[in-house]
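Have a look at my_file-v7.csv; it's CSV, C-alpha atoms and all ligand atoms:
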chain,number,residue,atom,x,y,z
D,25,MET,CA,76.1,113.5,53.0
D,26,PRO,CA,79.2,111.4,54.0
D,27,CYS,CA,79.5,108.5,56.5
D,28,LYS,CA,78.4,109.5,60.0
D,29,ASN,CA,81.9,108.5,61.4
D,30,CYS,CA,84.3,109.5,58.6
D,31,LEU,CA,84.3,111.3,55.3
D,32,GLN,CA,84.0,108.1,53.2
D,33,LYS,CA,81.2,107.6,50.7
D,34,PRO,CA,78.2,105.9,52.4
D,35,VAL,CA,77.0,102.4,51.3
D,36,ILE,CA,73.7,102.4,53.3
D,37,LYS,CA,71.2,104.7,55.1
D,38,LEU,CA,70.1,102.9,58.3
D,39,THR,CA,66.3,102.1,58.6
D,40,ASN,CA,64.4,104.5,60.9
D,41,SER,CA,67.2,107.1,61.1
D,42,ASN,CA,69.1,109.6,58.9
D,43,ILE,CA,72.4,107.9,59.7
D,44,GLN,CA,74.5,106.9,56.7
D,45,LEU,CA,77.6,104.6,57.0
D,46,CYS,CA,80.5,103.7,54.7
D,47,LYS,CA,81.5,100.1,54.1
D,48,GLN,CA,84.0,99.8,57.0
D,49,HIS,CA,81.7,101.5,59.6
D,50,PHE,CA,78.6,99.6,58.4
D,51,ILE,CA,80.4,96.2,58.8
D,52,LYS,CA,81.5,97.2,62.3
D,53,TYR,CA,78.0,98.4,63.2
D,54,PHE,CA,76.4,95.2,61.9
D,55,GLU,CA,78.7,92.8,63.6
D,56,LYS,CA,78.5,94.7,66.9
D,57,LYS,CA,74.7,94.7,66.9
D,58,VAL,CA,74.6,91.0,66.1
D,59,LEU,CA,77.1,90.3,68.9
D,60,ASN,CA,75.0,92.4,71.3
D,61,THR,CA,72.0,90.3,70.5
D,62,ILE,CA,73.9,87.1,71.2
D,63,SER,CA,75.1,88.5,74.5
D,64,ASN,CA,71.9,90.3,75.7
D,65,TYR,CA,69.8,87.3,75.0
D,66,LYS,CA,72.4,84.7,76.1
D,67,LEU,CA,72.1,82.9,72.8
D,68,ILE,CA,75.5,81.1,73.2
D,69,GLU,CA,77.0,79.5,76.3
D,70,LYS,CA,80.4,78.0,76.9
D,71,GLY,CA,80.5,74.4,75.6
D,72,ASP,CA,77.6,74.8,73.2
D,73,ARG,CA,77.7,72.6,70.1
D,74,ILE,CA,75.8,74.7,67.6
D,75,GLY,CA,74.4,73.6,64.2
D,76,VAL,CA,74.0,76.5,61.8
D,77,ALA,CA,71.2,75.9,59.4
D,78,ILE,CA,72.3,77.2,56.0
D,79,SER,CA,70.7,77.4,52.6
D,80,GLY,CA,73.6,79.1,50.9
D,81,GLY,CA,71.7,82.4,50.7
D,82,LYS,CA,72.7,85.7,52.2
D,83,ASP,CA,71.1,85.5,55.7
D,84,SER,CA,72.3,82.1,56.6
D,85,LEU,CA,75.9,82.7,55.3
D,86,THR,CA,75.9,86.0,57.2
D,87,VAL,CA,75.1,84.1,60.5
D,88,LEU,CA,77.6,81.4,59.7
D,89,ASN,CA,80.3,83.9,59.0
D,90,ILE,CA,79.7,85.9,62.2
D,91,LEU,CA,79.5,82.8,64.4
D,92,ASN,CA,82.6,81.4,62.8
D,93,LEU,CA,84.5,84.7,63.6
D,94,LEU,CA,83.2,84.6,67.2
D,95,LYS,CA,84.1,80.9,67.6
D,96,ASN,CA,87.7,81.4,66.3
D,97,LYS,CA,88.1,84.4,68.6
D,98,THR,CA,86.6,82.9,71.8
D,99,LYS,CA,87.2,79.1,71.3
D,100,LYS,CA,84.3,78.6,73.7
D,101,PHE,CA,81.8,76.7,71.5
D,102,GLU,CA,81.7,74.6,68.3
D,103,ILE,CA,79.8,75.0,65.1
D,104,GLU,CA,79.0,72.8,62.1
D,105,ALA,CA,76.7,73.7,59.2
D,106,ILE,CA,73.6,71.8,58.3
D,107,ALA,CA,71.7,72.2,55.0
D,108,ILE,CA,68.5,70.8,53.5
D,109,ASP,CA,68.2,70.0,49.8
D,110,GLU,CA,64.5,70.3,49.0
D,111,GLY,CA,65.1,69.4,45.4
D,112,ILE,CA,64.1,72.8,43.8
D,113,LYS,CA,65.8,72.8,40.4
D,114,GLY,CA,67.6,76.0,39.3
D,115,TYR,CA,67.4,77.4,42.9
D,116,ARG,CA,68.6,75.1,45.7
D,117,ASP,CA,71.3,73.4,43.6
D,118,LYS,CA,72.8,76.9,43.0
D,119,THR,CA,72.6,78.1,46.7
D,120,LEU,CA,74.0,74.8,47.9
D,121,GLU,CA,77.1,75.2,45.7
D,122,ASN,CA,77.6,78.6,47.4
D,123,ALA,CA,77.2,76.9,50.8
D,124,LYS,CA,79.7,74.2,50.0
D,125,LYS,CA,82.2,76.7,48.8
D,126,PHE,CA,81.9,78.9,51.8
D,127,CYS,CA,82.2,75.9,54.2
D,128,LYS,CA,85.2,74.6,52.3
D,129,ASP,CA,87.0,78.0,52.2
D,130,ASN,CA,86.4,78.4,56.0
D,131,ASN,CA,87.1,74.9,57.1
D,132,ILE,CA,83.5,74.3,58.5
D,133,LYS,CA,82.0,70.8,58.4
D,134,LEU,CA,78.8,70.7,56.3
D,135,HIS,CA,76.0,68.1,56.6
D,136,ILE,CA,73.5,68.0,53.7
D,137,PHE,CA,70.2,66.0,53.9
D,138,SER,CA,67.7,65.8,51.0
D,139,TYR,CA,64.0,65.3,50.7
D,140,LYS,CA,64.8,62.7,48.1
D,141,ASP,CA,66.8,60.5,50.5
D,142,GLU,CA,64.6,61.1,53.5
D,143,PHE,CA,61.1,61.2,52.0
D,144,GLY,CA,61.6,59.5,48.6
D,145,ASP,CA,61.5,62.3,46.1
D,146,THR,CA,62.3,66.0,45.4
D,147,LEU,CA,59.9,68.8,46.2
D,148,ASP,CA,59.6,69.5,42.4
D,149,ASN,CA,58.5,66.0,41.8
D,150,PHE,CA,56.1,65.8,44.7
D,151,LEU,CA,54.3,68.9,43.4
D,152,LYS,CA,53.7,67.2,40.1
D,153,LYS,CA,51.9,64.4,41.8
D,154,VAL,CA,49.8,66.1,44.5
D,155,ASN,CA,47.7,69.2,44.6
D,156,MET,CA,49.3,71.0,47.5
D,157,LYS,CA,51.1,74.3,47.9
D,158,ALA,CA,54.9,74.0,47.9
D,159,CYS,CA,55.4,75.7,51.3
D,160,SER,CA,52.8,73.4,53.0
D,161,ILE,CA,55.0,70.5,52.2
D,162,CYS,CA,58.4,72.1,52.4
D,163,GLY,CA,58.0,74.0,55.7
D,164,PRO,CA,57.0,70.9,57.8
D,165,PHE,CA,59.6,68.7,56.0
D,166,ARG,CA,62.4,71.2,56.6
D,167,ARG,CA,61.5,71.8,60.3
D,168,TYR,CA,61.3,68.1,60.9
D,169,LEU,CA,64.6,67.3,59.3
D,170,LEU,CA,66.5,70.1,61.0
D,171,ASN,CA,65.3,69.1,64.4
D,172,LYS,CA,65.8,65.3,63.9
D,173,LYS,CA,69.2,65.6,62.2
D,174,SER,CA,70.4,68.2,64.8
D,175,LYS,CA,69.7,65.7,67.6
D,176,GLU,CA,71.4,62.9,65.7
D,177,LEU,CA,74.5,65.1,65.1
D,178,GLY,CA,74.6,66.1,68.8
D,179,PHE,CA,73.9,69.8,68.5
D,180,ASN,CA,72.3,71.4,71.5
D,181,LYS,CA,71.3,74.6,69.6
D,182,LEU,CA,70.4,75.4,66.0
D,183,ALA,CA,71.3,78.9,64.7
D,184,THR,CA,69.2,80.3,61.8
D,185,GLY,CA,69.4,83.3,59.6
D,186,HIS,CA,66.0,84.7,60.5
D,187,ASN,CA,66.1,88.5,60.4
D,188,LEU,CA,63.8,91.3,61.7
D,189,ASP,CA,61.7,91.2,58.5
D,190,ASP,CA,61.2,87.4,58.7
D,191,GLU,CA,60.1,87.5,62.4
D,192,ALA,CA,57.7,90.4,61.8
D,193,GLN,CA,56.1,88.4,59.0
D,194,THR,CA,55.8,85.3,61.3
D,195,ILE,CA,54.2,87.3,64.1
D,196,ILE,CA,51.6,88.8,61.8
D,197,MET,CA,50.9,85.5,60.1
D,198,ASN,CA,50.2,83.9,63.5
D,199,TYR,CA,47.8,86.8,64.4
D,200,PHE,CA,46.0,86.5,61.1
D,201,ARG,CA,45.7,82.7,61.5
D,202,ARG,CA,44.8,82.9,65.2
D,203,ASN,CA,47.8,80.9,66.1
D,204,ILE,CA,49.1,82.8,69.1
D,205,GLU,CA,50.4,79.6,70.8
D,206,THR,CA,53.0,79.3,68.0
D,207,SER,CA,54.0,82.9,68.5
D,208,ALA,CA,54.8,82.1,72.2
D,209,ARG,CA,57.6,79.9,70.9
D,210,LEU,CA,59.2,82.8,68.8
D,211,GLY,CA,61.8,85.3,69.9
D,212,PRO,CA,65.7,85.4,69.6
D,213,LEU,CA,65.8,82.1,71.5
D,214,THR,CA,62.9,79.9,70.6
D,215,GLY,CA,60.8,77.6,72.7
D,216,ILE,CA,59.0,78.0,76.0
D,217,VAL,CA,60.6,75.3,78.1
D,218,ASN,CA,63.7,73.1,77.7
D,219,ASP,CA,62.6,69.8,76.2
D,220,LYS,CA,65.4,67.6,74.8
D,221,ARG,CA,63.1,66.5,72.0
D,222,PHE,CA,63.3,70.0,70.5
D,223,ILE,CA,66.6,71.6,69.6
D,224,ARG,CA,66.2,75.3,70.6
D,225,ARG,CA,66.9,77.8,67.8
D,226,ILE,CA,68.9,80.9,68.2
D,227,LYS,CA,68.4,83.9,65.8
D,228,PRO,CA,71.5,86.2,66.0
D,229,LEU,CA,70.1,88.4,63.1
D,230,TYR,CA,66.9,89.1,65.1
D,231,PHE,CA,67.3,92.8,65.1
D,232,MET,CA,68.8,93.2,61.7
D,233,THR,CA,66.6,94.2,58.8
D,234,GLN,CA,66.5,92.3,55.5
D,235,LYS,CA,68.2,95.3,53.8
D,236,GLU,CA,71.0,95.4,56.4
D,237,ALA,CA,71.6,91.6,56.1
D,238,ALA,CA,71.7,91.8,52.3
D,239,THR,CA,74.1,94.7,52.4
D,240,TYR,CA,76.4,92.9,54.8
D,241,ALA,CA,76.4,89.7,52.7
D,242,PHE,CA,77.1,91.7,49.5
D,243,LEU,CA,80.0,93.8,51.1
D,244,LYS,CA,81.5,90.6,52.5
D,245,ASN,CA,81.1,88.8,49.2
D,246,LEU,CA,79.2,85.9,51.0
D,247,SER,CA,76.5,85.2,48.4
D,248,VAL,CA,76.9,85.6,44.7
D,249,GLU,CA,73.3,85.5,43.7
D,250,PHE,CA,70.3,86.9,45.6
D,251,ASN,CA,67.8,84.6,43.9
D,252,GLU,CA,64.4,83.7,45.4
D,253,CYS,CA,62.7,80.3,45.7
D,254,PRO,CA,60.4,80.0,42.6
D,255,TYR,CA,57.6,78.9,44.9
D,256,SER,CA,57.8,81.8,47.3
D,257,ASN,CA,55.3,84.0,45.4
D,258,GLU,CA,52.5,81.6,45.9
D,259,SER,CA,53.0,81.5,49.7
D,260,TYR,CA,50.9,83.1,52.5
D,261,ARG,CA,54.2,84.5,53.8
D,262,GLY,CA,54.9,86.1,50.4
D,263,ASP,CA,51.5,88.0,50.7
D,264,VAL,CA,52.2,89.1,54.3
D,265,MET,CA,55.7,90.2,53.2
D,266,LYS,CA,54.4,92.4,50.4
D,267,MET,CA,51.8,93.9,52.8
D,268,LEU,CA,54.4,94.7,55.4
D,269,ASN,CA,56.8,96.1,52.8
D,270,ASN,CA,54.0,98.5,51.6
D,271,PHE,CA,53.3,99.5,55.2
D,272,GLU,CA,57.0,100.1,55.9
D,273,ALA,CA,57.4,102.3,52.8
D,274,LYS,CA,54.4,104.4,53.9
D,275,TYR,CA,54.9,104.3,57.6
D,276,PRO,CA,58.6,103.7,58.3
D,277,GLY,CA,59.3,101.8,61.5
D,278,THR,CA,56.3,99.5,61.3
D,279,LYS,CA,58.3,96.3,61.3
D,280,ASN,CA,60.5,97.4,64.2
D,281,SER,CA,57.4,98.3,66.2
D,282,ILE,CA,55.9,94.8,65.5
D,283,ILE,CA,59.1,93.2,67.0
D,284,THR,CA,59.4,95.6,69.9
D,285,SER,CA,55.7,95.2,70.9
D,286,PHE,CA,55.9,91.5,70.5
D,287,LEU,CA,59.0,91.3,72.8
D,288,GLU,CA,57.1,93.2,75.4
D,289,ILE,CA,54.3,90.6,75.6
D,290,LEU,CA,56.5,87.5,75.0
D,291,PRO,CA,57.1,86.9,78.8
D,292,LEU,CA,53.3,86.9,79.3
D,293,LEU,CA,52.8,84.5,76.4
D,294,HIS,CA,55.5,82.2,77.9
D,295,LYS,CA,53.7,82.2,81.2
D,296,HIS,CA,50.3,81.6,79.6
D,297,TYR,CA,51.3,78.8,77.3
D,298,LYS,CA,53.9,77.0,79.5
D,299,ASN,CA,51.8,73.9,80.0
D,300,TYR,CA,49.2,74.6,77.4
D,301,THR,CA,49.6,71.8,74.8
D,302,PRO,CA,51.2,68.5,76.0
D,303,ILE,CA,53.9,67.2,73.6
D,304,ASN,CA,53.4,63.7,72.4
D,305,ASN,CA,55.7,61.4,70.4
D,306,CYS,CA,54.4,60.7,66.9
D,307,LYS,CA,53.0,57.2,66.6
D,308,ILE,CA,54.7,56.6,63.3
D,309,CYS,CA,58.2,58.3,63.6
D,310,ASN,CA,58.4,58.9,67.4
D,311,GLU,CA,59.4,62.6,66.8
D,312,PRO,CA,57.7,65.2,69.1
D,313,CYS,CA,54.4,66.7,68.0
D,314,SER,CA,51.2,68.1,69.5
D,315,GLN,CA,48.9,65.5,68.0
D,316,GLU,CA,49.0,61.7,67.7
D,317,ILE,CA,50.7,61.8,64.3
D,318,CYS,CA,53.1,64.6,63.3
D,319,GLN,CA,52.5,66.9,60.4
D,320,THR,CA,55.4,65.4,58.3
D,321,CYS,CA,54.1,61.8,58.7
D,322,LYS,CA,50.6,63.0,57.8
D,323,ILE,CA,51.9,64.4,54.5
D,324,VAL,CA,54.1,61.4,53.8
D,325,GLU,CA,51.1,59.1,54.4
D,326,SER,CA,48.9,61.2,52.0
D,327,PHE,CA,51.6,60.8,49.3
D,328,LYS,CA,51.4,57.0,49.7
D,329,LYS,CA,47.7,57.1,49.1
D,330,VAL,CA,48.2,59.1,45.9
D,331,LYS,CA,50.6,56.5,44.7
D,332,LYS,CA,48.1,53.7,45.3
D,333,ASP,CA,45.2,55.6,43.6
C,1,LIG,FE1,60.3,75.8,50.6
C,1,LIG,FE2,58.3,77.6,50.3
C,1,LIG,FE3,60.7,78.3,51.4
C,1,LIG,FE4,60.5,77.7,48.8
C,1,LIG,S1,59.5,79.4,49.8
C,1,LIG,S2,62.1,77.0,50.2
C,1,LIG,S3,58.9,76.1,48.9
C,1,LIG,S4,59.2,76.9,52.3
What would the structure in this file look like if it were written as structure tokens?
Amino acid sequence: MPCKNCLQKPVIKLTNSNIQLCKQHFIKYFEKKVLNTISNYKLIEKGDRIGVAISGGKDSLTVLNILNLLKNKTKKFEIEAIAIDEGIKGYRDKTLENAKKFCKDNNIKLHIFSYKDEFGDTLDNFLKKVNMKACSICGPFRRYLLNKKSKELGFNKLATGHNLDDEAQTIIMNYFRRNIETSARLGPLTGIVNDKRFIRRIKPLYFMTQKEAATYAFLKNLSVEFNECPYSNESYRGDVMKMLNNFEAKYPGTKNSIITSFLEILPLLHKHYKNYTPINNCKICNEPCSQEICQTCKIVESFKKVKKD
């Protein structure tokens, strides 16, 4: 069957439908859907100074590419890229090369911050010294650095490459872990209230599937290698991802239903959790957190103890 809109050979069959599209019409469909998300959820406003969190992988370069096209067309907002080097040999060094090349070719300012400079060592080396799962260190460290550095760089929003698959996984993980308050902060524009201590995140790929984002990146030649973090298999998210992929294969539309149902209850979650947990400033680093000491400082302090022992 040819492309729905012309007689060209299709490159993709869209999820949850029998529609097939050729390269040109798929790119048009993808960009239009992302721009609709930006406009329907008011993700970007005039005068915004947006940091785009990139890893050099397919999703983040897809977001950067589309926001850059939109910025050049409208001239209404600014973007700069921000990347975190966790220190994962054979993986992050490669994707960061990709990120640097993309930013150089497209004249986008790129800021890189590393765990080694900020916390004293690479993730690979931390894991040799402590008995912790990689993602339990890496997740808090990355969230912390992205928020802190975005404030220092004067960004008022942070765009990320999270797609429909990522969000469906996070929603299910939060249910399984009885962590609904965290879910209340999800959605295409994160956060419940405006608090200057937290940079709100925008997710332009919110309604695009993993398959669609990967196809777009491939067709636009954005990411050379689609390699995975070597630690991703041991993560809780990895298990939820496999489970949802199995469900999707057996019951197509599952992930889409998770997102649609979640967006229906999100306004109620916002209302319920609006003043639920007061936000403190961490007693060690002064960054915002829900307890006396933030998760990142707790981990850093535990590393210091290991050194002494
Ligand atoms: Fe970090 Fe885990 Fe993601 Fe790898 S999979 S980059 S260790 S959070």
#### Entry: Test item: residues at most 12 Å from Gly111 (chain D), only C-alpha atoms, excluding those fewer than 5 positions along its chain, as a VMD selection string
chain D and resid 116 to 120 136 to 151 158 162 165 to 166 253 to 254
### Task
Identify the residues within 12 Å of coordinate (80.5, 66.2, 56.1) (same frame as the file), considering only C-alpha atoms, and give the answer as a list in words.
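Returned residue set, sorted by chain then number, is Glu104, Ala105, Ile106, Ala107, Lys124, Cys127, Lys128, Asn131, Ile132, Lys133, Leu134, His135, Ile136, Phe137 and Leu177 of chain D.
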#### Entry: CA of Ile196 (chain D) to CA of Ala241 (chain D), straight-line distance in Å
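Separation of CA of Ala241 (chain D) and CA of Ile196 (chain D): 26.4 Å.
The shortest atom-to-atom distance to Lys329 (chain D), with all atoms listed in the file taken into account, belongs to D:Lys153 out of D:His49, D:Lys175, D:Lys153, D:Lys274.
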### Shortest interatomic distance to Ile283 (chain D) - which of D:Ile308, D:Met232, D:Tyr297, D:Gln319, counting all atoms listed in the file
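Nearest candidate to Ile283 (chain D) out of D:Ile308, D:Met232, D:Tyr297, D:Gln319: D:Met232.
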#### Entry: Sphere at (61.8, 76.1, 77.1), radius 12 Å, counting only C-alpha atoms: residues as a ChimeraX atom specification
/D:208-211,213-225,291,294-295,297-299
### Message
For a quick check of understanding, using all atoms listed in the file, which of D:Asn203, D:Gln234, D:Asn130, D:Asn171 has the smallest distance to Glu191 (chain D)?
### Response
D:Gln234
### Query
Separation of CA of Pro276 (chain D) and CA of Lys33 (chain D), in Å?
24.2 Å
### Task
Write out as an MDAnalysis selection string each polymer residue whose atoms come within 10 Å of Met197 (chain D), counting only C-alpha atoms; drop sequence neighbours fewer than 2 positions from it.
chainID D and resid 191:195 199:204 207 260:261 263:265
### Query
Between CA of Pro164 (chain D) and CA of Ile74 (chain D), what is the distance, to one decimal in Å?
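Calculated distance between CA of Pro164 (chain D) and CA of Ile74 (chain D) is 21.5 Å.
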